Amino acid sequence: MTTLVPADGGHWVAGMISLAAVDPLAGAEVLGEPSIYWERPLAGEAMAGWGEAASVEADSAARVLTVLEALSAPDSVRWLGGSPSALPGPWFGGMRFSQAGGDGGWGPFGFGRWTLPEVVVWREGTALAVAAFAPEGPGAEDVVRSLLARVGSAFPAGYRHPRSGTQALRLSSSRPDFEGRVTRAVETISSGGLQKVVLARAVEVEGERAFDRVDVLARLREQNPRCATFLFRAPDGTAFLGATPETLCRLEGRRLETEALAGSASPTQAGELGGSEKDRREHEAVVRYILKALKPLAEHLESDAEPALLTLKNVVHLRTGIRAELREGVGVAELVAALHPTPAVGGTPRERALEFLVEHEELDRGWYAGPVGWIGPGRAHQMVALRSARIKGSQARLFVGAGIVAGSSAEAEWRETEMKSLAMLRALGGGHV
C-alpha cells in the first residue's frame with residue numbers, strides 16, 4: 001500500500017495549466033481511454049484522468065476507513081506555482097458493497113482501491129484545466145512539466161467521439177430465480193423478520209464486438225444528465241462504469257449534502273408515485289435511517305419537509321434532500337461508516353437485511369451499490385454505484401436492484417429492474433431497447 005503522508009511533507013509534485021477546450025473526454029483522442037472519469041452534467045462538473053501516479057488499496061471495511069481518513073487529510077502535494085481551488089479529488093476510486101462474497105470477477109478491483117492519476121483534466125467554468133502529478137524525487141519537476149506540455153499541445157479544442165453504432169446484445173438473467181428470491185423476502189417481511197430488503201440481480205450481456213467504453217460514457221452522460229457518470233478501470237483493463245442518481249455524501253469542509261432516494265415508478269406512472277403507500281413507506285424508512293445515522297455527527301441537521309420527484313429518462317424516484325453542518329473533526333471516513341449501506345441499497349434493520357442478502361441473494365455485488373467517487377483535503381463526493389456494469393471486451397455484467405417491502409410482488413419487482421436496466425443497455429449500444 002502506498003504511504004500517503006510522509007514525514008517530510010510533500011510526497012507528490014504537481015503543476016497545472018489551462019486549456020481552450022470544453023470537454024475532458026476529448027483527451028481520449030490523444031491519450032486513449034481514461035483510467036477514471038467523473039461527470040455531473042447539470043452541475044457543470046466533469047473530469048477525466050489518465051495513468052497512475054500512485055494507488056492505495058484496502059482489503060477490509062476497517063482498512064477502508066483508515067484509507068479514507070488519510071486521503072482526506074491536509075494535502076501532501078507540492079504545487080509548482082499556484083494550486084487549484086476546486087480540483088475534484090485528486091484521489092478517485094471506490095469499494096465493495098460488503099465484505100461478503102467471493103471474487104465473482106471483482107478481484108482486480110480489490111475490496112477498495114483509489115488512484116491518483118498522472119494527468120487530470122477537469123472543467124473550470126467555460127474552459128478546462130490540466131494537472132499532472134509525479135512522485136517527489138529527482139527529476140519529478142521535469143516529469144510534471146513534460147506531461148503538461150504534452151497534454152497542452154495535443155488536446156483537441158473541439159471534439160465528438162465517433163459513435164460505434166448499435167449492435168445486437170445477447171442477454172441472460174434468470175427471472176424465476178429472482179422472483180423466487182422476492183417471494184422469500186416478502187415471506188420474511190410478513191413474518192416480522194425484516195421491514196425491507198433490497199434485492200439485486202445481474203444481467204449478463206454479450207456484444208457482437210468489443211464495447212467502446214468511451215462511446216458508452218458519452219451515451220451515458222448524454223442520456224442521463226441528472227446522474228453522475230463514472231468510470232474506474234482496474235489494473236487488468238476491466239472497467240466498472242455507470243450513471244447513478246444517488247449521492248451518499250458530498251462534503252465541503254463541515255458542510256454535508258446527502259439524500260434519500262427510494263420509491264420508484266415508470267415515467268408514465270409518475271403522478272401516482274407520491275400517493276403510493278408502498279413507495280412512501282419504503283422512502284420514509286430511508287429518510288429515518290439517514291437522519292438517525294447523522295444525528296451524532298452533526299451540529300445542525302435538516303431535511304426537506306416532503307419528498308419530491310426525481311425524474312430520470314427511464315424511471316422516476318421519490319427524493320428527499322438532507323443537509324447538515326458537521327461536528328468538528330467529522331470527515332468522509334465517519335460519514336461512509338455511518339451511512340453505508342443505506343436502506344436504499346441494503347434494507348432495514350440493516351444487519352438483518354445484510355444477513356438475508358448473504359444467505360439468499362446469490363450474487364457477488366462487488367463495487368455495485370458501494371461508494372464510488374473522489375476524495376481530497378477536506379472535500380469529498382461519494383455516490384452510490386447504481387445503474388452500472390463491469391465491462392471487459394465484448395462481455396458486460398450489468399447490475400440492477402429493487403427494494404422489497406410488505407406488499408411487493410415478484411412480477412412488479414422484476415419489471416422495475418427491467419426498467420432500471422434500460423439506461424445501461426442503451427449506452428452499450430443495444431438497438432432493440
# chains A, B, ... in the order shown; residues from 1 in each chain; ligands from 1
call {"tool": "residues_around", "arguments": {"residues": "range 35-47 of chain A", "least_positions_apart": "5", "cutoff": "6 Å", "atoms": "only C-alpha atoms", "output": "PyMOL selection string"}}
result
chain A and resi 24+121-123+225+228-233
call {"tool": "select_by_dssp", "arguments": {"residues": "range 114-171 of chain A", "states": "strand (DSSP E or B)", "output": "PyMOL selection string"}}
result
chain A and resi 114-116+119-124+127-135+167+169-171
call {"tool": "residues_around", "arguments": {"residues": "range 196-205 of chain A", "least_positions_apart": "5", "cutoff": "6 Å", "atoms": "only C-alpha atoms", "output": "MDAnalysis selection string"}}
result
chainID A and resid 170:173 345:348 353 395:405
call {"tool": "write_last_selection", "arguments": {"atoms": "N, CA and C atoms", "output": "compact mmCIF listing (two decimals), in the first residue's frame"}}
result
# COMPACT_ATOMS: atom_id res chain seq x y z
N ARG A 170 -26.81 -9.99 -26.65
CA ARG A 170 -27.39 -11.22 -26.11
C ARG A 170 -27.45 -11.09 -24.59
N LEU A 171 -28.65 -11.22 -24.02
CA LEU A 171 -28.87 -11.00 -22.60
C LEU A 171 -29.21 -12.32 -21.91
N SER A 172 -28.73 -12.45 -20.67
CA SER A 172 -29.02 -13.65 -19.90
C SER A 172 -29.23 -13.27 -18.44
N SER A 173 -30.40 -13.60 -17.90
CA SER A 173 -30.70 -13.38 -16.48
C SER A 173 -31.91 -14.22 -16.13
N VAL A 345 -30.19 0.62 -0.50
CA VAL A 345 -29.45 -0.43 -1.22
C VAL A 345 -29.25 -1.69 -0.38
N GLY A 346 -29.57 -1.64 0.92
CA GLY A 346 -29.43 -2.80 1.79
C GLY A 346 -30.76 -3.24 2.35
N GLY A 347 -31.29 -2.45 3.28
CA GLY A 347 -32.58 -2.77 3.88
C GLY A 347 -32.61 -2.38 5.33
N THR A 348 -33.72 -2.68 6.00
CA THR A 348 -33.88 -2.40 7.43
C THR A 348 -34.58 -3.58 8.11
N ALA A 353 -31.03 -7.31 7.26
CA ALA A 353 -31.14 -7.27 5.80
C ALA A 353 -29.87 -7.78 5.13
N GLN A 395 -17.83 -8.50 -23.29
CA GLN A 395 -18.63 -9.03 -22.19
C GLN A 395 -18.93 -7.93 -21.17
N ALA A 396 -20.17 -7.89 -20.72
CA ALA A 396 -20.55 -6.94 -19.68
C ALA A 396 -21.45 -7.64 -18.67
N ARG A 397 -21.32 -7.27 -17.42
CA ARG A 397 -22.24 -7.73 -16.37
C ARG A 397 -22.90 -6.49 -15.79
N LEU A 398 -24.20 -6.40 -16.01
CA LEU A 398 -24.98 -5.24 -15.62
C LEU A 398 -25.71 -5.55 -14.31
N PHE A 399 -25.82 -4.55 -13.41
CA PHE A 399 -26.42 -4.75 -12.09
C PHE A 399 -27.61 -3.83 -11.91
N VAL A 400 -28.71 -4.39 -11.39
CA VAL A 400 -29.91 -3.61 -11.07
C VAL A 400 -30.54 -4.20 -9.81
N GLY A 401 -31.33 -3.40 -9.10
CA GLY A 401 -31.95 -3.88 -7.88
C GLY A 401 -33.29 -3.23 -7.62
N ALA A 402 -34.01 -3.75 -6.62
CA ALA A 402 -35.32 -3.23 -6.25
C ALA A 402 -35.54 -3.44 -4.75
N GLY A 403 -36.20 -2.47 -4.13
CA GLY A 403 -36.49 -2.55 -2.71
C GLY A 403 -37.76 -3.35 -2.46
N ILE A 404 -37.67 -4.35 -1.59
CA ILE A 404 -38.80 -5.24 -1.29
C ILE A 404 -39.35 -4.89 0.10
N VAL A 405 -40.63 -4.59 0.16
CA VAL A 405 -41.32 -4.28 1.42
C VAL A 405 -42.64 -5.06 1.42
call {"tool": "residues_around", "arguments": {"residues": "Val182 in chain A", "least_positions_apart": "6", "cutoff": "9 Å", "atoms": "only C-alpha atoms", "output": "list of chain:residue names"}}
result
A:Leu199, A:Ile404, A:Ser408, A:Ser409, A:Ala410, A:Glu413, A:Trp414
call {"tool": "write_last_selection", "arguments": {"atoms": "all heavy atoms", "output": "mmCIF file, in the first residue's frame"}}
result
data_model
loop_
_atom_site.group_PDB
_atom_site.id
_atom_site.type_symbol
_atom_site.label_atom_id
_atom_site.label_comp_id
_atom_site.auth_asym_id
_atom_site.auth_seq_id
_atom_site.Cartn_x
_atom_site.Cartn_y
_atom_site.Cartn_z
ATOM 1 N N LEU A 199 -33.050 -6.341 -3.125
ATOM 2 C CA LEU A 199 -32.510 -7.471 -3.869
ATOM 3 C C LEU A 199 -31.952 -6.999 -5.205
ATOM 4 O O LEU A 199 -32.612 -6.240 -5.930
ATOM 5 C CB LEU A 199 -33.593 -8.514 -4.115
ATOM 6 C CG LEU A 199 -34.047 -9.305 -2.887
ATOM 7 C CD1 LEU A 199 -35.225 -10.206 -3.256
ATOM 8 C CD2 LEU A 199 -32.900 -10.134 -2.332
ATOM 9 N N ILE A 404 -37.672 -4.353 -1.587
ATOM 10 C CA ILE A 404 -38.800 -5.241 -1.292
ATOM 11 C C ILE A 404 -39.347 -4.885 0.097
ATOM 12 O O ILE A 404 -38.598 -4.877 1.083
ATOM 13 C CB ILE A 404 -38.370 -6.725 -1.304
ATOM 14 C CG1 ILE A 404 -37.507 -7.027 -2.537
ATOM 15 C CG2 ILE A 404 -39.598 -7.619 -1.233
ATOM 16 C CD1 ILE A 404 -38.149 -6.711 -3.857
ATOM 17 N N SER A 408 -44.961 -5.941 -1.759
ATOM 18 C CA SER A 408 -44.231 -6.107 -3.019
ATOM 19 C C SER A 408 -44.699 -7.374 -3.730
ATOM 20 O O SER A 408 -45.041 -8.374 -3.091
ATOM 21 C CB SER A 408 -42.724 -6.195 -2.765
ATOM 22 O OG SER A 408 -42.206 -4.986 -2.275
ATOM 23 N N SER A 409 -44.682 -7.332 -5.055
ATOM 24 C CA SER A 409 -44.988 -8.524 -5.846
ATOM 25 C C SER A 409 -43.792 -8.869 -6.708
ATOM 26 O O SER A 409 -43.097 -7.981 -7.214
ATOM 27 C CB SER A 409 -46.223 -8.297 -6.726
ATOM 28 O OG SER A 409 -45.915 -7.519 -7.866
ATOM 29 N N ALA A 410 -43.559 -10.164 -6.868
ATOM 30 C CA ALA A 410 -42.391 -10.616 -7.623
ATOM 31 C C ALA A 410 -42.422 -10.105 -9.051
ATOM 32 O O ALA A 410 -41.404 -9.658 -9.599
ATOM 33 C CB ALA A 410 -42.322 -12.140 -7.592
ATOM 34 N N GLU A 413 -41.598 -6.306 -9.193
ATOM 35 C CA GLU A 413 -40.191 -6.019 -8.918
ATOM 36 C C GLU A 413 -39.306 -6.421 -10.084
ATOM 37 O O GLU A 413 -38.317 -5.751 -10.387
ATOM 38 C CB GLU A 413 -39.744 -6.724 -7.637
ATOM 39 C CG GLU A 413 -40.539 -6.339 -6.394
ATOM 40 C CD GLU A 413 -40.544 -4.845 -6.119
ATOM 41 O OE1 GLU A 413 -39.601 -4.139 -6.539
ATOM 42 O OE2 GLU A 413 -41.500 -4.382 -5.470
ATOM 43 N N TRP A 414 -39.659 -7.501 -10.782
ATOM 44 C CA TRP A 414 -38.920 -7.857 -11.996
ATOM 45 C C TRP A 414 -39.050 -6.744 -13.035
ATOM 46 O O TRP A 414 -38.070 -6.333 -13.647
ATOM 47 C CB TRP A 414 -39.422 -9.176 -12.564
ATOM 48 C CG TRP A 414 -38.817 -9.496 -13.906
ATOM 49 C CD1 TRP A 414 -39.328 -9.221 -15.140
ATOM 50 C CD2 TRP A 414 -37.546 -10.126 -14.142
ATOM 51 N NE1 TRP A 414 -38.470 -9.651 -16.135
ATOM 52 C CE2 TRP A 414 -37.368 -10.205 -15.553
ATOM 53 C CE3 TRP A 414 -36.550 -10.639 -13.305
ATOM 54 C CZ2 TRP A 414 -36.246 -10.776 -16.134
ATOM 55 C CZ3 TRP A 414 -35.425 -11.209 -13.893
ATOM 56 C CH2 TRP A 414 -35.273 -11.265 -15.279
#
call {"tool": "closest_residue", "arguments": {"among": "A:Val287, A:Ala26, A:Ala308, A:Met16", "to": "Asp215 in chain A", "atoms": "only C-alpha atoms"}}
result
A:Ala26
call {"tool": "select_by_dssp", "arguments": {"residues": "range 79-297 of chain A", "states": "helix (DSSP H, G or I)", "output": "number ranges by chain"}}
result
A: 107-109, 140-154, 175-190, 213-223, 267-273, 277-297
call {"tool": "atom_distance", "arguments": {"atom1": "CA of Pro74 in chain A", "atom2": "CA of Arg255 in chain A"}}
result
17.1 Å
call {"tool": "residues_around", "arguments": {"residues": "Gly15 in chain A", "least_positions_apart": "6", "cutoff": "10 Å", "atoms": "only C-alpha atoms", "output": "list in words"}}
result
Val77, Arg78, Trp79, Leu80, Gly81, Gly82, Ser83, Pro84, Val119, Val130, Ala131, Ala132, Phe133, Ala134, Glu141, Val144, Arg145, Leu147 and Leu148 of chain A
call {"tool": "atom_distance", "arguments": {"atom1": "CA of Thr126 in chain A", "atom2": "CA of Gly158 in chain A"}}
result
12.9 Å
call {"tool": "residues_around", "arguments": {"residues": "range 290-304 of chain A", "least_positions_apart": "3", "cutoff": "10 Å", "atoms": "only C-alpha atoms", "output": "PyMOL selection string"}}
result
chain A and resi 248+254-260+284-287+307-308+319-331+334-335+337-340+342-343
call {"tool": "write_last_selection", "arguments": {"atoms": "C-alpha atoms", "output": "PDB file, in the first residue's frame"}}
result
ATOM      1  CA  LEU A 248     -24.124   9.073  -0.488  1.00  0.00           C
ATOM      2  CA  ARG A 254     -18.085  20.814   7.518  1.00  0.00           C
ATOM      3  CA  ARG A 255     -20.999  21.231   5.096  1.00  0.00           C
ATOM      4  CA  LEU A 256     -22.698  17.986   4.120  1.00  0.00           C
ATOM      5  CA  GLU A 257     -25.296  17.251   1.455  1.00  0.00           C
ATOM      6  CA  THR A 258     -26.924  13.853   1.051  1.00  0.00           C
ATOM      7  CA  GLU A 259     -30.292  12.455   0.039  1.00  0.00           C
ATOM      8  CA  ALA A 260     -32.817   9.695   0.488  1.00  0.00           C
ATOM      9  CA  GLU A 284     -39.605   7.105   4.708  1.00  0.00           C
ATOM     10  CA  ALA A 285     -37.549   4.181   6.055  1.00  0.00           C
ATOM     11  CA  VAL A 286     -34.505   5.561   4.220  1.00  0.00           C
ATOM     12  CA  VAL A 287     -35.104   9.131   5.474  1.00  0.00           C
ATOM     13  CA  PRO A 307     -40.209  14.159  -0.933  1.00  0.00           C
ATOM     14  CA  ALA A 308     -40.038  15.498  -4.469  1.00  0.00           C
ATOM     15  CA  ARG A 319     -36.208  12.123  -3.322  1.00  0.00           C
ATOM     16  CA  THR A 320     -35.690  13.904  -0.003  1.00  0.00           C
ATOM     17  CA  GLY A 321     -32.716  16.257   0.288  1.00  0.00           C
ATOM     18  CA  ILE A 322     -30.795  16.223   3.589  1.00  0.00           C
ATOM     19  CA  ARG A 323     -28.244  18.805   4.760  1.00  0.00           C
ATOM     20  CA  ALA A 324     -26.018  19.092   7.817  1.00  0.00           C
ATOM     21  CA  GLU A 325     -23.325  21.153   9.491  1.00  0.00           C
ATOM     22  CA  LEU A 326     -20.968  18.521  10.841  1.00  0.00           C
ATOM     23  CA  ARG A 327     -19.220  18.470  14.184  1.00  0.00           C
ATOM     24  CA  GLU A 328     -15.554  19.411  14.254  1.00  0.00           C
ATOM     25  CA  GLY A 329     -13.361  16.502  13.163  1.00  0.00           C
ATOM     26  CA  VAL A 330     -16.056  14.567  11.291  1.00  0.00           C
ATOM     27  CA  GLY A 331     -14.959  13.678   7.781  1.00  0.00           C
ATOM     28  CA  GLU A 334     -17.028   8.769   9.561  1.00  0.00           C
ATOM     29  CA  LEU A 335     -19.777   9.536   7.035  1.00  0.00           C
ATOM     30  CA  ALA A 337     -19.101   4.294   8.170  1.00  0.00           C
ATOM     31  CA  ALA A 338     -22.390   5.798   9.369  1.00  0.00           C
ATOM     32  CA  LEU A 339     -24.338   5.850   6.098  1.00  0.00           C
ATOM     33  CA  HIS A 340     -23.231   2.882   4.003  1.00  0.00           C
ATOM     34  CA  THR A 342     -28.394   2.881   3.490  1.00  0.00           C
ATOM     35  CA  PRO A 343     -31.781   1.092   3.382  1.00  0.00           C
TER      36      PRO A 343
END
call {"tool": "residues_around", "arguments": {"residues": "Gly242 in chain A", "least_positions_apart": "6", "cutoff": "8 Å", "atoms": "only C-alpha atoms", "output": "number ranges by chain"}}
result
A: 217, 220, 229-231, 385-389, 424
call {"tool": "atom_distance", "arguments": {"atom1": "CA of Gly429 in chain A", "atom2": "CA of Thr238 in chain A"}}
result
18.3 Å
call {"tool": "closest_atom_pairs", "arguments": {"of": "range 239-320 of chain A", "to": "range 56-72 of chain A", "cutoff": "12 Å", "atoms": "only C-alpha atoms", "output": "CSV"}}
result
residue,atom,partner,partner_atom,distance
A:Leu251,CA,A:Ser72,CA,10.5
A:Glu252,CA,A:Ser72,CA,11.0
A:Gly253,CA,A:Ser72,CA,10.4
